[in-house]
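Peer 1: This is coords_38.cif, which holds mmCIF, C-alpha atoms:
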data_upload
loop_
_atom_site.label_atom_id
_atom_site.label_comp_id
_atom_site.auth_asym_id
_atom_site.auth_seq_id
_atom_site.Cartn_x
_atom_site.Cartn_y
_atom_site.Cartn_z
CA MET A 1 17.16 -31.24 -22.90
CA LYS A 2 14.41 -29.48 -24.84
CA GLU A 3 10.85 -29.25 -23.64
CA HIS A 4 7.59 -28.56 -25.40
CA ASN A 5 7.85 -25.97 -28.19
CA ASP A 6 11.66 -26.29 -28.12
CA ARG A 7 11.88 -24.30 -24.89
CA SER A 8 14.96 -25.04 -22.84
CA TRP A 9 14.61 -25.85 -19.14
CA PHE A 10 15.93 -22.35 -18.40
CA ASP A 11 13.21 -20.73 -20.55
CA SER A 12 10.57 -22.70 -18.65
CA LEU A 13 12.14 -21.76 -15.33
CA VAL A 14 12.06 -18.07 -16.26
CA ALA A 15 8.50 -18.31 -17.63
CA TYR A 16 7.24 -19.68 -14.31
CA SER A 17 9.62 -17.70 -12.07
CA PRO A 18 7.05 -15.20 -10.64
CA ILE A 19 4.75 -18.10 -9.71
CA LEU A 20 7.63 -20.22 -8.39
CA ALA A 21 8.95 -17.28 -6.36
CA LEU A 22 5.67 -16.81 -4.50
CA LEU A 23 5.20 -20.55 -4.03
CA LEU A 24 8.76 -20.85 -2.73
CA GLY A 25 8.06 -17.95 -0.37
CA TRP A 26 4.95 -19.71 0.92
CA VAL A 27 6.81 -23.00 1.41
CA THR A 28 9.64 -21.15 3.20
CA LEU A 29 7.08 -19.60 5.53
CA ALA A 30 5.59 -23.03 6.20
CA GLY A 31 9.07 -24.27 7.04
CA LYS A 32 9.57 -21.40 9.51
CA ALA A 33 6.10 -22.08 10.96
CA THR A 34 7.13 -25.62 11.93
CA LYS A 35 9.55 -24.10 14.46
CA ILE A 36 6.69 -22.40 16.32
CA ASP A 37 5.17 -24.36 19.20
CA ASN A 38 1.69 -22.83 18.91
CA PRO A 39 -0.37 -24.98 16.48
CA TYR A 40 -2.76 -22.07 15.87
CA ILE A 41 -0.09 -20.59 13.58
CA TRP A 42 -1.48 -23.03 10.97
CA VAL A 43 -5.00 -21.70 11.51
CA VAL A 44 -3.67 -18.19 10.86
CA GLY A 45 -2.02 -19.68 7.77
CA LEU A 46 -5.49 -20.36 6.37
CA THR A 47 -5.78 -16.61 5.78
CA THR A 48 -3.34 -17.03 2.90
CA ILE A 49 -5.69 -19.35 0.99
CA PRO A 50 -6.89 -16.58 -1.41
CA ALA A 51 -3.28 -15.70 -2.32
CA LEU A 52 -2.35 -19.37 -2.65
CA LEU A 53 -5.32 -20.03 -4.94
CA ALA A 54 -4.39 -17.00 -7.07
CA ILE A 55 -0.79 -18.24 -7.40
CA ILE A 56 -1.84 -21.79 -8.36
CA TYR A 57 -4.56 -20.58 -10.74
CA SER A 58 -2.13 -18.26 -12.53
CA GLY A 59 0.26 -21.19 -12.86
CA ILE A 60 -2.49 -23.22 -14.55
CA ILE A 61 -3.25 -20.32 -16.94
CA VAL A 62 0.42 -19.93 -17.87
CA TYR A 63 0.73 -23.70 -18.37
CA ARG A 64 -2.33 -23.81 -20.64
CA HIS A 65 -1.18 -20.73 -22.57
CA THR A 66 2.27 -22.25 -23.11
CA HIS A 67 0.92 -25.60 -24.26
CA GLN A 68 -1.72 -24.09 -26.54
CA GLN A 69 0.99 -22.42 -28.67
CA ARG A 70 1.47 -24.30 -31.89
CA PRO A 71 5.04 -25.38 -32.61
CA ASP A 72 4.80 -24.04 -36.17
CA SER A 73 4.14 -20.53 -34.84
CA GLN A 74 7.88 -20.16 -34.19
CA SER A 75 10.46 -19.21 -36.75
CA MET B 76 8.50 -15.95 -33.72
CA ASN B 77 10.39 -15.79 -30.48
CA ILE B 78 8.70 -17.50 -27.50
CA ALA B 79 9.48 -14.54 -25.25
CA ARG B 80 7.71 -12.21 -27.66
CA ALA B 81 4.74 -14.57 -27.90
CA ASN B 82 4.36 -14.51 -24.14
CA ALA B 83 4.74 -10.76 -23.82
CA VAL B 84 1.95 -9.08 -21.93
CA SER B 85 3.18 -5.58 -22.72
CA THR B 86 4.99 -3.82 -25.53
CA LEU B 87 8.37 -5.48 -25.67
CA GLU B 88 11.41 -3.39 -26.48
CA PRO B 89 14.25 -5.85 -26.96
CA GLY B 90 17.91 -4.96 -26.68
CA TRP B 91 19.85 -2.34 -24.79
CA ASP B 92 20.30 1.13 -26.20
CA ALA B 93 22.99 3.63 -25.16
CA PHE B 94 20.74 5.25 -22.57
CA ASP B 95 19.89 1.90 -20.92
CA LEU B 96 23.57 1.06 -20.60
CA LYS B 97 24.38 4.49 -19.17
CA LEU B 98 21.47 4.21 -16.74
CA ILE B 99 22.44 0.75 -15.49
CA LYS B 100 26.03 1.95 -14.91
CA ILE B 101 24.92 5.01 -12.92
CA LEU B 102 22.23 3.23 -10.87
CA GLY B 103 24.44 0.17 -10.32
CA THR B 104 27.35 2.31 -9.08
CA ILE B 105 25.15 4.31 -6.69
CA LEU B 106 23.53 1.15 -5.28
CA ALA B 107 26.89 -0.61 -4.91
CA ILE B 108 28.40 2.35 -2.98
CA ILE B 109 25.37 2.51 -0.66
CA LEU B 110 25.49 -1.25 -0.02
CA VAL B 111 29.24 -1.25 0.77
CA VAL B 112 29.05 1.79 3.09
CA SER B 113 25.84 0.58 4.82
CA THR B 114 27.22 -2.91 5.40
CA TYR B 115 30.45 -1.48 6.85
CA LEU B 116 28.55 0.86 9.18
CA HIS B 117 26.07 -1.84 10.30
CA PHE B 118 28.62 -4.49 11.21
CA TRP B 119 31.78 -2.53 12.05
CA VAL B 120 30.52 0.84 13.32
CA PRO B 121 27.06 -0.03 14.74
CA ASP B 122 26.97 3.07 16.97
CA VAL B 123 26.31 5.32 13.96
CA PHE B 124 22.82 3.89 13.38
CA ARG B 125 22.48 2.65 17.01
CA VAL B 126 22.09 -0.91 15.73
CA PRO B 127 20.39 -3.09 18.39
CA GLN B 128 22.57 -6.06 19.35
CA THR B 129 19.90 -8.70 19.93
CA PRO B 130 20.96 -12.35 20.04
CA VAL B 131 18.79 -14.27 17.58
CA PRO B 132 18.47 -17.95 16.60
CA ASP B 133 19.91 -19.32 13.31
CA ASN B 134 21.98 -16.31 12.36
CA THR B 135 25.29 -17.87 11.35
CA PHE B 136 27.35 -16.78 8.35
CA TRP B 137 25.95 -19.69 6.31
CA ASP B 138 22.35 -18.82 7.23
CA MET B 139 22.92 -15.28 6.05
CA LEU B 140 24.71 -16.42 2.89
CA PHE B 141 21.88 -18.83 2.07
CA MET B 142 19.32 -16.04 2.46
CA GLU B 143 21.37 -13.70 0.28
CA VAL B 144 21.97 -16.25 -2.49
CA LEU B 145 18.36 -17.48 -2.52
CA THR B 146 16.93 -13.98 -2.95
CA LEU B 147 19.59 -13.16 -5.55
CA VAL B 148 18.67 -16.23 -7.61
CA MET B 149 14.93 -15.50 -7.42
CA SER B 150 15.56 -11.82 -8.25
CA PHE B 151 17.64 -12.84 -11.26
CA LEU B 152 14.92 -15.17 -12.55
CA CYS B 153 12.14 -12.62 -12.02
CA GLY B 154 14.39 -9.94 -13.56
CA MET B 155 14.88 -12.16 -16.61
CA HIS B 156 11.13 -12.68 -16.80
CA CYS B 157 10.52 -8.92 -16.64
CA TYR B 158 13.26 -8.32 -19.24
CA ARG B 159 11.72 -10.81 -21.67
CA ASN B 160 8.23 -9.40 -21.22
CA PHE B 161 8.82 -5.67 -20.84
CA GLY B 162 12.35 -5.02 -22.10
CA PRO B 163 15.49 -3.74 -20.34
CA TYR B 164 14.37 -0.18 -19.58
CA ALA B 165 11.14 -1.17 -17.79
CA THR B 166 13.04 -3.92 -15.93
CA MET B 167 15.63 -1.46 -14.65
CA LEU B 168 12.94 0.95 -13.49
CA PHE B 169 11.05 -1.86 -11.74
CA PHE B 170 14.15 -3.31 -10.08
CA VAL B 171 15.78 -0.09 -8.91
CA GLY B 172 12.44 1.61 -8.29
CA SER B 173 11.07 -1.16 -6.07
CA PHE B 174 14.43 -1.58 -4.35
CA VAL B 175 14.75 2.14 -3.63
CA PHE B 176 11.07 2.83 -2.89
CA THR B 177 10.51 -0.01 -0.45
CA GLY B 178 14.07 0.13 0.89
CA LEU B 179 13.93 3.85 1.67
CA MET B 180 10.43 3.56 3.13
CA GLU B 181 11.55 0.79 5.48
CA ASN B 182 14.70 2.68 6.38
CA LEU B 183 12.81 5.87 7.13
CA MET B 184 10.38 4.01 9.41
CA ILE B 185 13.22 2.20 11.20
CA ILE B 186 15.68 5.09 11.57
CA THR B 187 13.20 7.90 12.32
CA GLY B 188 11.51 5.66 14.90
CA ARG B 189 14.85 4.73 16.45
CA PHE B 190 16.04 8.32 16.72
CA GLY B 191 12.69 9.62 18.01
CA LEU B 192 11.87 11.66 14.89
CA ILE B 193 8.35 10.21 14.59
CA PRO B 194 5.84 9.83 17.44
CA PHE B 195 6.40 6.08 17.89
CA GLU B 196 9.11 3.44 17.63
CA SER B 197 8.57 1.04 14.75
CA TYR B 198 10.75 -2.06 14.26
CA TYR B 199 14.17 -3.28 13.23
CA PHE B 200 15.68 -6.24 11.42
CA ASN B 201 17.61 -8.82 13.43
CA LYS B 202 18.89 -10.79 10.46
CA GLY B 203 18.36 -11.34 6.79
CA GLY B 204 21.66 -11.35 4.93
CA LEU B 205 25.27 -10.35 4.61
CA THR B 206 24.80 -6.91 3.04
CA LEU B 207 22.55 -4.00 3.91
CA PHE B 208 20.83 -1.06 2.21
CA PHE B 209 21.28 1.37 5.12
CA GLU B 210 19.45 -0.53 7.92
CA VAL B 211 17.47 -2.94 5.76
CA PRO B 212 19.03 -6.25 4.62
CA THR B 213 19.61 -6.36 0.85
CA SER B 214 17.76 -9.68 0.79
CA VAL B 215 14.65 -7.88 2.10
CA CYS B 216 14.88 -5.24 -0.66
CA LEU B 217 15.36 -7.99 -3.25
CA GLY B 218 12.43 -9.81 -1.68
CA TRP B 219 10.30 -6.70 -2.20
CA PHE B 220 11.26 -6.68 -5.88
CA VAL B 221 10.39 -10.37 -6.28
CA LEU B 222 7.12 -9.99 -4.38
CA ALA B 223 6.04 -6.81 -6.16
CA TYR B 224 6.87 -8.11 -9.63
CA SER B 225 5.45 -11.59 -9.09
CA SER B 226 2.19 -10.29 -7.65
CA VAL B 227 1.60 -7.73 -10.41
CA TYR B 228 2.38 -10.39 -13.03
CA ILE B 229 -0.03 -12.88 -11.43
CA ALA B 230 -2.72 -10.18 -11.18
CA GLY B 231 -2.26 -9.51 -14.91
CA VAL B 232 -2.44 -13.21 -15.79
CA ILE B 233 -5.68 -13.76 -13.86
CA PHE B 234 -7.30 -10.46 -14.87
CA PRO B 235 -5.73 -9.59 -18.24
CA LYS B 236 -8.23 -6.83 -19.05
CA SER B 237 -7.81 -4.98 -15.74
CA GLY B 238 -6.46 -1.43 -15.72
CA ALA B 239 -3.37 -0.24 -13.86
CA VAL B 240 -5.19 0.68 -10.63
CA ALA B 241 -7.23 -2.55 -10.47
CA ARG B 242 -4.18 -4.66 -11.29
CA ALA B 243 -2.09 -2.94 -8.63
CA ALA B 244 -4.91 -3.36 -6.10
CA ILE B 245 -5.19 -7.11 -6.80
CA ALA B 246 -1.40 -7.49 -6.55
CA SER B 247 -1.36 -5.54 -3.28
CA PHE B 248 -4.09 -7.73 -1.84
CA ILE B 249 -2.07 -10.86 -2.68
CA CYS B 250 0.98 -9.41 -0.91
CA MET B 251 -0.97 -8.24 2.14
CA ASP B 252 -2.70 -11.62 2.36
CA ILE B 253 0.68 -13.40 2.45
CA ASP B 254 1.94 -10.97 5.09
CA LEU B 255 -0.98 -11.83 7.40
CA TRP B 256 0.86 -15.11 7.95
CA SER B 257 4.47 -14.11 7.32
CA ASP B 258 4.71 -11.34 9.93
CA PRO B 259 3.52 -13.49 12.89
CA ILE B 260 5.88 -16.28 11.79
CA MET B 261 8.94 -14.12 11.16
CA THR B 262 8.62 -12.10 14.36
CA ASN B 263 8.00 -15.15 16.56
CA PRO B 264 10.84 -15.74 19.09
CA ALA B 265 11.58 -19.02 17.27
CA ASN B 266 12.59 -17.07 14.14
CA MET B 267 13.07 -13.37 15.07
CA PHE B 268 13.80 -12.01 11.60
CA TRP B 269 12.54 -8.63 12.73
CA THR B 270 11.23 -7.14 15.98
CA TRP B 271 8.28 -4.80 16.49
CA LEU B 272 8.97 -2.23 19.18
CA GLN B 273 5.42 -1.11 19.88
CA GLY B 274 3.92 -2.51 23.06
CA ARG B 275 0.68 -4.48 22.77
CA SER B 276 -1.09 -1.85 24.88
CA ALA B 277 0.10 1.05 22.69
CA THR B 278 -1.92 0.36 19.54
CA THR B 279 -4.27 -2.10 17.84
CA HIS B 280 -2.65 -5.41 16.94
CA VAL B 281 -3.81 -8.20 14.63
CA PHE B 282 -2.09 -11.57 15.11
CA SER B 283 0.30 -9.75 17.50
CA ILE B 284 1.40 -7.36 14.71
CA PRO B 285 0.48 -3.63 14.65
CA LEU B 286 -2.60 -3.17 12.45
CA TYR B 287 -1.06 -0.33 10.44
CA ASN B 288 1.61 -2.74 9.14
CA PHE B 289 -0.93 -4.65 7.05
CA VAL B 290 -2.48 -1.48 5.64
CA ALA B 291 1.02 -0.20 4.89
CA TRP B 292 1.87 -3.45 3.07
CA PHE B 293 -1.13 -2.98 0.83
CA GLY B 294 -0.28 0.67 0.18
CA ILE B 295 3.45 0.30 -0.47
CA ILE B 296 2.89 -2.27 -3.24
CA PHE B 297 -0.15 -0.44 -4.61
CA PHE B 298 1.50 2.98 -4.98
CA PHE B 299 4.69 1.63 -6.56
CA GLU B 300 2.89 -0.63 -9.03
CA VAL B 301 0.45 2.06 -10.14
CA LEU B 302 3.43 4.34 -10.77
CA TRP B 303 5.35 1.66 -12.70
CA LEU B 304 2.36 0.57 -14.78
CA LYS B 305 1.59 4.21 -15.63
CA THR B 306 5.25 4.81 -16.51
CA GLN B 307 5.19 2.28 -19.37
CA GLY B 308 4.34 4.85 -22.03
CA TRP B 309 6.18 7.89 -20.67
CA HIS B 310 9.52 7.36 -22.42
CA ARG B 311 7.85 7.14 -25.83
CA SER B 312 6.16 10.50 -25.45
CA ILE B 313 8.77 12.53 -23.54
CA GLY B 314 12.03 10.60 -24.07
CA LYS B 315 13.87 8.24 -21.74
CA GLU B 316 15.94 10.86 -19.89
CA THR B 317 12.94 12.97 -18.93
CA ALA B 318 10.83 9.87 -18.22
CA THR B 319 13.52 8.44 -15.92
CA ALA B 320 13.91 11.73 -14.04
CA ARG B 321 10.15 11.99 -13.69
CA PHE B 322 9.90 8.38 -12.47
CA PHE B 323 12.47 8.86 -9.70
CA LEU B 324 11.03 12.24 -8.71
CA TRP B 325 7.68 10.51 -8.34
CA ILE B 326 9.37 7.82 -6.25
CA LEU B 327 10.76 10.46 -3.88
CA ALA B 328 7.43 12.31 -3.75
CA LEU B 329 5.56 9.07 -3.05
CA ILE B 330 7.99 8.20 -0.27
CA ALA B 331 7.31 11.54 1.44
CA ILE B 332 3.54 11.31 0.93
CA TYR B 333 3.40 7.67 1.92
CA LEU B 334 5.50 8.15 5.06
CA ALA B 335 3.16 10.94 6.19
CA MET B 336 0.16 8.71 5.44
CA VAL B 337 1.54 5.75 7.42
CA ILE B 338 2.39 7.90 10.43
CA GLY B 339 -1.03 9.59 10.23
CA LEU B 340 -2.74 6.21 9.96
CA GLU B 341 -0.98 4.84 13.02
CA LEU B 342 -1.85 7.96 15.05
CA LEU B 343 -5.47 7.66 13.88
CA ILE B 344 -5.58 3.98 14.87
CA ARG B 345 -4.17 4.84 18.29
CA ALA B 346 -6.74 7.60 18.77
CA THR B 347 -9.83 5.77 17.56
CA LEU B 348 -9.49 1.99 17.83
CA PRO B 349 -9.24 -0.10 21.02
CA HIS B 350 -5.69 -1.10 21.92
CA VAL B 351 -6.43 -4.79 21.68
CA ASN B 352 -4.46 -7.68 20.22
CA TYR B 353 -6.82 -9.69 18.00
CA THR B 354 -5.37 -13.20 17.97
CA ILE B 355 -6.32 -16.74 17.05
CA GLY B 356 -5.18 -19.06 19.83
CA GLY B 357 -2.61 -16.56 21.02
CA VAL B 358 -0.90 -16.04 17.65
#
Could I get this file's structure written as structure tokens?
Peer 2:
Amino acid sequence: MKEHNDRSWFDSLVAYSPILALLLGWVTLAGKATKIDNPYIWVVGLTTIPALLAIIYSGIIVYRHTHQQRPDSQS
Amino acid sequence: MNIARANAVSTLEPGWDAFDLKLIKILGTILAIILVVSTYLHFWVPDVFRVPQTPVPDNTFWDMLFMEVLTLVMSFLCGMHCYRNFGPYATMLFFVGSFVFTGLMENLMIITGRFGLIPFESYYFNKGGLTLFFEVPTSVCLGWFVLAYSSVYIAGVIFPKSGAVARAAIASFICMDIDLWSDPIMTNPANMFWTWLQGRSATTHVFSIPLYNFVAWFGIIFFFEVLWLKTQGWHRSIGKETATARFFLWILALIAIYLAMVIGLELLIRATLPHVNYTIGGV
């Protein structure tokens, strides 16, 4: 299957991989946090909001950049 | 025009030349030998490194395999991303450099602390994968590569006009910020990925983790990324062989300098700050 600008799904996966890696890391941490009895671990988790916002914002920038490219700019 | 080239944030040098192929063979062989010997010593001759035998939850063969495969897949994808944006030479330097720099730093802290060669005990890993780089799981070293590359890329995307030092500082802040949560989670008895050996009354703790750990997280990413970002133009001016030698000499020098700084920082914290554990609700 081809996506926008004739990029394959693998190209898209690679293009977003640094963002996906950090998001996956954050989700993995959240999964490990569910094993901990102390609910305050989620309050401590709020300290990661700046990093989380940076990851999501960079994802939006990459998405916009990718979709602003005109298809006829490729050979 | 190729999509990869259109997305490039640095000068792309596509394709492998003879030096790149020679370098990947040499570095790959050295790393493979270290991984095989380290893994053998850790699991079959644990007395050599005095490996602690702590029973930990969720540490079956399949747990370890999952961890290893997951980090390998993410490393491959981030490696491909780096390759498409910076070319094979810069990717090799980033991968091996981050693996060796962070891996050796962690090993030096673990082993020197364990054998009483520095003034305090540090920590050790309970689990993390099937293979090891000396006393650090390979998955942790791969994780450092993924984290370091992803954070410096994200810093560049958000602040495209920032210089090497500013970009490395932003990336380091992202990593340290994530570690503020990851260390308390991973060291909790419910997970026990690694264990800190310093008593709560011995030094200042934040969220039950020694304070110097967070400063060290910032520094380890910062120093490596500044070096790598500065390296980008070296091979064009002095040739790849000299540039590679200089890069790895800088890695070794930074390890020595950084180790002294971390030990000095911890001793300074012990001498000047109250030995208190700053927690939120006991975390």
Peer 1: If you take all atoms listed in the file and a cut-off of 7 Å, which residues of chain B touch chain A, and what are their nearest atom pairs and distances in Å to one decimal, in chain and number order, as a Markdown table?
Peer 2:
| residue | atom | partner | partner_atom | distance |
| --- | --- | --- | --- | --- |
| B:Met76 | CA | A:Gln74 | CA | 4.3 |
| B:Asn77 | CA | A:Gln74 | CA | 6.3 |
| B:Met149 | CA | A:Ala21 | CA | 6.3 |
| B:Leu152 | CA | A:Val14 | CA | 5.5 |
| B:Cys153 | CA | A:Ser17 | CA | 5.7 |
| B:Met155 | CA | A:Val14 | CA | 6.6 |
| B:His156 | CA | A:Val14 | CA | 5.5 |
| B:Leu222 | CA | A:Leu22 | CA | 7.0 |
| B:Ser225 | CA | A:Pro18 | CA | 4.2 |
| B:Ile229 | CA | A:Ser58 | CA | 5.9 |
| B:Val232 | CA | A:Ser58 | CA | 6.0 |
| B:Ile233 | CA | A:Ser58 | CA | 5.9 |
| B:Ile249 | CA | A:Ala51 | CA | 5.0 |
| B:Asp252 | CA | A:Thr48 | CA | 5.5 |
| B:Ile253 | CA | A:Thr48 | CA | 5.4 |
| B:Leu255 | CA | A:Thr47 | CA | 7.0 |
| B:Trp256 | CA | A:Gly45 | CA | 5.4 |
| B:Ser257 | CA | A:Leu29 | CA | 6.3 |
| B:Ile260 | CA | A:Ala33 | CA | 5.9 |
| B:Ala265 | CA | A:Ile36 | CA | 6.0 |
| B:Ile355 | CA | A:Tyr40 | CA | 6.5 |
| B:Gly356 | CA | A:Tyr40 | CA | 5.5 |
| B:Val358 | CA | A:Ile41 | CA | 6.2 |
Peer 1: For atom CA of B:Leu207 and atom CA of B:Leu110, determine how far apart the two atoms are, in Å to one decimal place.
Peer 2: 5.6 Å
Peer 1: Starting from the PyMOL selection byres ((chain B and resi 92-98) around 12), expand the selection into actual residues of this file and give them as a list in words.
Peer 2: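 Applied to this file, the PyMOL selection byres ((chain B and resi 92-98) around 12) selects Glu88, Pro89, Gly90, Trp91, Ile99, Lys100, Ile101, Leu102, Gly103, Thr104, Ile105, Gly162, Pro163, Tyr164, Ala165, Thr166, Met167, Leu168, Val171, His310, Gly314, Lys315, Glu316, Thr317, Ala318, Thr319 and Ala320 of chain B.
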Peer 1: Do you have the atom CA of B:Gln273-atom CA of B:Ala243 distance handy?
Peer 2: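 Interatomic distance, atom CA of B:Gln273 to atom CA of B:Ala243: 29.5 Å.
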Peer 1: Pick from B:Tyr353, B:Phe289, B:Phe169, B:Phe176: nearest to B:Ile332, with all atoms listed in the file counted?
Peer 2: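 Looking only at the distances to B:Ile332, the closest residue turns out to be B:Phe176.
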Peer 1: I'd like the interatomic distance between atom CA of B:Thr129 and atom CA of B:Phe200, to a tenth of an Å.
Peer 2: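 These atoms are spaced 9.8 Å apart.
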Peer 1: Written as an mmCIF file with C-alpha atoms, keeping the file's coordinate frame, which residues does the PyMOL selection byres ((chain B and resi 269) around 8) give for the file shown?
Peer 2:
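The file below, selection_14.cif, is the result:
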data_model
loop_
_atom_site.group_PDB
_atom_site.id
_atom_site.type_symbol
_atom_site.label_atom_id
_atom_site.label_comp_id
_atom_site.auth_asym_id
_atom_site.auth_seq_id
_atom_site.Cartn_x
_atom_site.Cartn_y
_atom_site.Cartn_z
ATOM 1 C CA TYR B 198 10.750 -2.060 14.260
ATOM 2 C CA TYR B 199 14.170 -3.280 13.230
ATOM 3 C CA PHE B 200 15.680 -6.240 11.420
ATOM 4 C CA ASN B 201 17.610 -8.820 13.430
ATOM 5 C CA LYS B 202 18.890 -10.790 10.460
ATOM 6 C CA MET B 261 8.940 -14.120 11.160
ATOM 7 C CA THR B 262 8.620 -12.100 14.360
ATOM 8 C CA MET B 267 13.070 -13.370 15.070
ATOM 9 C CA PHE B 268 13.800 -12.010 11.600
ATOM 10 C CA THR B 270 11.230 -7.140 15.980
ATOM 11 C CA TRP B 271 8.280 -4.800 16.490
#
Peer 1: Since I can't run it myself right now, could you work out what the PyMOL selection byres ((chain B and resi 247) around 9) selects here and report it as an MDAnalysis selection string?
Peer 2: chainID B and resid 223 226:227 242:246 248:252 292:297 300
Peer 1: Determine, counting only C-alpha atoms, which protein, DNA and RNA residues have an atom within 9 Å of an atom of B:Gly218; residues of the same chain fewer than 2 positions away are not included. Present the result as a PyMOL selection string.
Peer 2: chain B and resi 146-147+149-150+174+213-216+220-223
Peer 1: Please enclose the listed atoms of stretch 305-311 of chain B in an axis-aligned box, pad each side by 3 Å, and write out the centre and the three edge lengths in Å, rounded to one decimal, as AutoDock Vina command-line options.
Peer 2:
--center_x 5.6 --center_y 5.1 --center_z -20.7 --size_x 13.9 --size_y 11.6 --size_z 16.2
Peer 1: From the options B:Val120, B:Leu348, B:Gly339, B:Asn263, which residue's atoms come nearest to B:His280, counting only C-alpha atoms?
Peer 2: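 Of B:Val120, B:Leu348, B:Gly339, B:Asn263, the one nearest B:His280 is B:Leu348, counting only C-alpha atoms.
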Peer 1: From the list B:Arg159, B:Lys305, B:Arg275, B:Lys236, which residue is nearest B:Pro349 when using only C-alpha atoms?
Peer 2: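 Distance minimum relative to B:Pro349 lands on B:Arg275.
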Peer 1: Skip B:Thr278 itself and residues of its chain fewer than 4 positions away, then list as a PyMOL selection string all residues within 9 Å of it, counting all atoms listed in the file.
Peer 2: chain B and resi 273-274+285-286+341-342+344-346+348-352
